[in-house]
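See structure below.
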Amino acid sequence: MPIRLSLLFAISLMLSTPLWAAVKVDLDYRVRFLPESDQAEVSLTLEKGERVLGLDFDLGEEGMYSDFSADGQWTQDSPGRGLWQPAEGRATLSYRVRVNHLRNDEHFDARMTEDWALLRGDDLVPSARLRQEDKTELVARLRFDLPKGWRGVETGWPRIGKNKFRIDNPLRKFDRPTGWIVAGKIGTRRVRLGDTEVTVAAPVGEGMRRMDILTLLTFVWPQMQEVFPRDPAKLLIVGAGDPMWRGGLSATNSYYMHTDRPLVSENGTSSLVHELVHVFSRISQRDRSDWVVEGLAEYYAIELMRRAGGLNEERYQKIRQQLNKWSKPVKSLRGNRSTGPVTARAVLLLQELDREIRQATKGNHPRSLDDVTRGLMRLNKVSTRDLVEISESVMGKPSKVLDSRLLR
């Protein structure tokens with residue numbers, strides 16, 4: 001009887017298990033920095049090239065990528081695009097990419113010196129449209145070969161060995177090493193906050209206040225997690241001084257801060273927390289609604305500091321007065337790029353919206369702007385209309401605050 005039951009169980013298990021499983025294909029990225037030529041040498045190696053029918057790359061601005069060599073067929077028939085059709089078996093595509101990139105006339109958002117490199121992996125491996133055989137799953141890893149004297153490398157991806165990382169983005173079929181990368185003679189500090197390994201890294205001598213950053217993050221992290229229900233495995237914060245970009249730039253798993261930026265500015269806001277909100281929310285805009293994205297980031301840069309006890313009521317009201325004075329000339333919030341005054345006015349409107357929601361829902365089930373923000377996080381891109389509809393759904397009635405000329 002036990003044997004028969006075991007046999008029936010085994011048959012049942014077989015019938016409930018798919019008769020197929022995805023074919024896993026190793027995709028290995030290898031990066032070698034060449035400081036003497038301001039380039040990085042990059043290779044992509046597929047263990048089973050026949051499973052990938054083609055990778056159609058967006059090569060961006062002319063001259064950034066060069067010296068292509070491929071197993072299989074490489075063609076560049078249209079401007080700014082390159083198509084790789086891998087050979088069967090083990091197939092490699094290699095090329096060189098220029099690292100240094102000016103964001104304006106004098107400041108870089110990617111730079112390499114003889115001692116270090118600071119850039120985004122998005123530029124090392126450009127985005128691509130992937131065509132592959134059905135039931136194929138790429139397993140991507142990233143490895144760096146560093147110049148002599150360079151100490152190490154940090155990325156926003158989990159480390160699986162010396163200078164080696166696992167790249168896994170469940171939202172995309174083509175896993176590439178997006179996010180910030182810093183390599184060379186670098187200094188690093190780490191801490192675990194919740195379920196997240198937080199790493200602060202920067203070239204030695206660039207003035208990065210690593211321990212100050214970790215202290216502020218530890219202080220504000222519980223409030224951040226209450227609003228944004230995410231627990232990333234890893235978060236990387238990088239930075240450098242002039243002539244790097246004098247601001248902050250975020251990616252999905254990492255962000256950059258210029259080392260001269262104060263952790264908390266004189267007006268009471270925090271660029272560090274502002275960029276952290278971008279990383280956690282992952283909200284982007286559509287339909288001329290950048291004010292929503294930047295307004296929420298700045299709103300929470302103030303609000304989370306307040307909730308953590310870093311701002312008392314007197315200081316908070318002074319911040320509101322400054323925002324009001326700065327944003328007085330603003331007639332409309334709409335636009336593809338939010339300016340400083342527009343963002344300031346957006347913060348004031350969102351503060352008013354939060355009060356309206358709390359007043360409308362006080363009782364057994366109080367709600368706030370946090371509920372609206374979590375609703376926006378479920379969307380790929382957000383618009384002004386999305387904000388209005390979700391806010392009114394949360395309140396259960398039309399919003400007087402959002403019935404404003406500023407949003408037209």
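In the structure tokens, the first chain shown is A, the next is B, and so on; residue numbers restart at 1 for each chain, and ligands run from 1 in the order shown.
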Next on the checklist: DSSP on the backbone, alpha helix (DSSP H) only: what residues of segment 196-293 of chain A does that give? Format it as a PyMOL selection string.
Outcome noted: chain A and resi 210-227+271-281+290-293
Checklist entry - If you run DSSP on the backbone, which residues of segment 235-297 of chain A are strand (DSSP E or B), as a list of chain:residue names? => result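 Going through segment 235-297 of chain A, the strand (DSSP E or B) residues come out as A:Leu235, A:Leu236, A:Ile237, A:Val238, A:Gly239, A:Ala240, A:Met244, A:Gly248, A:Leu249, A:Ser250, A:Ser254, A:Tyr255, A:Tyr256, A:Met257, A:His258, A:Gln285, A:Ser289.
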Checklist entry - Quick one: distance from atom CA of Trp74 of chain A to atom CA of Arg96 of chain A in Å, one decimal? => result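 Between atom CA of Trp74 of chain A and atom CA of Arg96 of chain A the gap works out to 14.6 Å.
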Item to check | Contacts of Pro170 of chain A at 12 Å (only C-alpha atoms; same-chain gap of 5+ positions) as a count of residues only | outcome: 6
Please report, as a Markdown table, each residue of segment 135-239 of chain A lying at most 12 Å from segment 111-129 of chain A, together with the nearest pair of atoms and the separation in Å rounded to one decimal; use only C-alpha atoms, and order rows by chain and ascending residue number.
```
| residue | atom | partner | partner_atom | distance |
| --- | --- | --- | --- | --- |
| A:Leu142 | CA | A:Gly121 | CA | 10.2 |
| A:Phe144 | CA | A:Leu124 | CA | 11.7 |
| A:Leu146 | CA | A:Trp116 | CA | 9.7 |
| A:Pro147 | CA | A:Asp115 | CA | 8.8 |
| A:Lys148 | CA | A:Asp115 | CA | 9.6 |
| A:Gly149 | CA | A:Asp115 | CA | 7.9 |
| A:Trp150 | CA | A:Asp115 | CA | 6.6 |
| A:Arg151 | CA | A:Trp116 | CA | 9.3 |
| A:Gly152 | CA | A:Trp116 | CA | 9.6 |
| A:Val153 | CA | A:Ala117 | CA | 9.2 |
| A:Glu154 | CA | A:Leu118 | CA | 9.9 |
| A:Thr155 | CA | A:Gly121 | CA | 8.6 |
| A:Gly156 | CA | A:Gly121 | CA | 9.8 |
| A:Trp157 | CA | A:Gly121 | CA | 10.8 |
| A:Ile167 | CA | A:Gly121 | CA | 11.1 |
| A:Arg172 | CA | A:Arg129 | CA | 10.4 |
| A:Lys173 | CA | A:Arg129 | CA | 9.3 |
| A:Phe174 | CA | A:Ala128 | CA | 7.5 |
| A:Asp175 | CA | A:Ser127 | CA | 9.5 |
| A:Arg176 | CA | A:Val125 | CA | 6.5 |
| A:Pro177 | CA | A:Gly121 | CA | 5.1 |
| A:Thr178 | CA | A:Asp122 | CA | 4.6 |
| A:Gly179 | CA | A:Arg120 | CA | 5.3 |
| A:Trp180 | CA | A:Arg120 | CA | 4.3 |
| A:Ile181 | CA | A:Leu119 | CA | 5.5 |
| A:Val182 | CA | A:Leu118 | CA | 4.6 |
| A:Ala183 | CA | A:Ala117 | CA | 5.3 |
| A:Gly184 | CA | A:Trp116 | CA | 4.1 |
| A:Lys185 | CA | A:Asp115 | CA | 5.9 |
| A:Ile186 | CA | A:Trp116 | CA | 7.5 |
| A:Gly187 | CA | A:Trp116 | CA | 11.1 |
| A:Ala201 | CA | A:Leu118 | CA | 10.3 |
| A:Ala202 | CA | A:Leu118 | CA | 8.5 |
| A:Pro203 | CA | A:Trp116 | CA | 6.5 |
| A:Val204 | CA | A:Trp116 | CA | 9.0 |
| A:Gly205 | CA | A:Asp115 | CA | 11.0 |
| A:Glu206 | CA | A:Trp116 | CA | 11.0 |
| A:Leu236 | CA | A:Arg120 | CA | 11.9 |
| A:Ile237 | CA | A:Leu118 | CA | 11.4 |
| A:Val238 | CA | A:Leu118 | CA | 8.2 |
| A:Gly239 | CA | A:Leu118 | CA | 8.2 |
```
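Neighbouring residues of Asp134 of chain A at 9 Å or closer, counting only C-alpha atoms and skipping chain neighbours under 4 positions away, are Ala22, Val23 and Arg51 of chain A.
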Checklist entry - atom CA of Gly295 of chain A and atom CA of Leu311 of chain A are how many Å apart? => result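 A separation of 19.0 Å between them.
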Next on the checklist: List as a list in words the protein and nucleic acid residues near Ser393 of chain A, meaning an atom at most 9 Å away when only C-alpha atoms are counted, but skip any in the same chain fewer than 5 places from it.
Outcome noted: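 What passes the distance filter is Val372, Val388 and Pro398 of chain A.
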Quick one: residues within 10 Å of segment 75-79 of chain A, only C-alpha atoms, excluding same-chain residues fewer than 6 positions away - as a PDB file with N, CA, C and O atoms, in the first residue's frame?
```pdb
ATOM      1  N   ASP A  56      19.437  44.327 -30.555  1.00  0.00           N
ATOM      2  CA  ASP A  56      19.426  45.561 -31.326  1.00  0.00           C
ATOM      3  C   ASP A  56      19.718  46.717 -30.369  1.00  0.00           C
ATOM      4  O   ASP A  56      18.849  47.150 -29.615  1.00  0.00           O
ATOM      5  N   PHE A  57      20.967  47.226 -30.390  1.00  0.00           N
ATOM      6  CA  PHE A  57      21.442  48.199 -29.409  1.00  0.00           C
ATOM      7  C   PHE A  57      21.145  49.634 -29.835  1.00  0.00           C
ATOM      8  O   PHE A  57      21.266  49.993 -31.016  1.00  0.00           O
ATOM      9  N   ASP A  58      20.810  50.464 -28.848  1.00  0.00           N
ATOM     10  CA  ASP A  58      20.705  51.919 -29.033  1.00  0.00           C
ATOM     11  C   ASP A  58      22.058  52.521 -28.669  1.00  0.00           C
ATOM     12  O   ASP A  58      22.408  52.625 -27.492  1.00  0.00           O
ATOM     13  N   LEU A  59      22.824  52.931 -29.660  1.00  0.00           N
ATOM     14  CA  LEU A  59      24.199  53.383 -29.447  1.00  0.00           C
ATOM     15  C   LEU A  59      24.310  54.873 -29.125  1.00  0.00           C
ATOM     16  O   LEU A  59      25.425  55.376 -28.928  1.00  0.00           O
ATOM     17  N   GLY A  60      23.197  55.566 -29.061  1.00  0.00           N
ATOM     18  CA  GLY A  60      23.218  56.954 -28.601  1.00  0.00           C
ATOM     19  C   GLY A  60      24.047  57.874 -29.472  1.00  0.00           C
ATOM     20  O   GLY A  60      24.073  57.755 -30.703  1.00  0.00           O
ATOM     21  N   GLU A  61      24.747  58.801 -28.812  1.00  0.00           N
ATOM     22  CA  GLU A  61      25.482  59.824 -29.542  1.00  0.00           C
ATOM     23  C   GLU A  61      26.659  59.226 -30.315  1.00  0.00           C
ATOM     24  O   GLU A  61      27.298  58.260 -29.888  1.00  0.00           O
ATOM     25  N   GLU A  62      26.935  59.829 -31.457  1.00  0.00           N
ATOM     26  CA  GLU A  62      27.964  59.316 -32.363  1.00  0.00           C
ATOM     27  C   GLU A  62      29.344  59.360 -31.700  1.00  0.00           C
ATOM     28  O   GLU A  62      29.703  60.325 -31.038  1.00  0.00           O
ATOM     29  N   PHE A  68      34.006  47.601 -32.686  1.00  0.00           N
ATOM     30  CA  PHE A  68      33.173  46.426 -32.460  1.00  0.00           C
ATOM     31  C   PHE A  68      33.796  45.184 -33.096  1.00  0.00           C
ATOM     32  O   PHE A  68      34.348  45.233 -34.200  1.00  0.00           O
ATOM     33  N   GLN A  85      23.791  39.544 -34.123  1.00  0.00           N
ATOM     34  CA  GLN A  85      23.179  38.227 -34.263  1.00  0.00           C
ATOM     35  C   GLN A  85      24.250  37.202 -33.919  1.00  0.00           C
ATOM     36  O   GLN A  85      25.137  36.919 -34.734  1.00  0.00           O
TER      37      GLN A  85
END
```
Checklist entry - Using only C-alpha atoms, which of A:Leu46, A:Met224, A:Val330, A:Val31 sits nearest Arg306 of chain A? => result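 Counting only C-alpha atoms, the residue closest to Arg306 of chain A is A:Met224.
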Checklist entry - Hey, what's within 12 Å of Glu226 of chain A if we count only C-alpha atoms and toss same-chain stuff fewer than 2 positions away? As number ranges by chain, please? => result A: 194, 220-224, 228-231, 280, 300, 304, 307-308, 370-371, 373-374
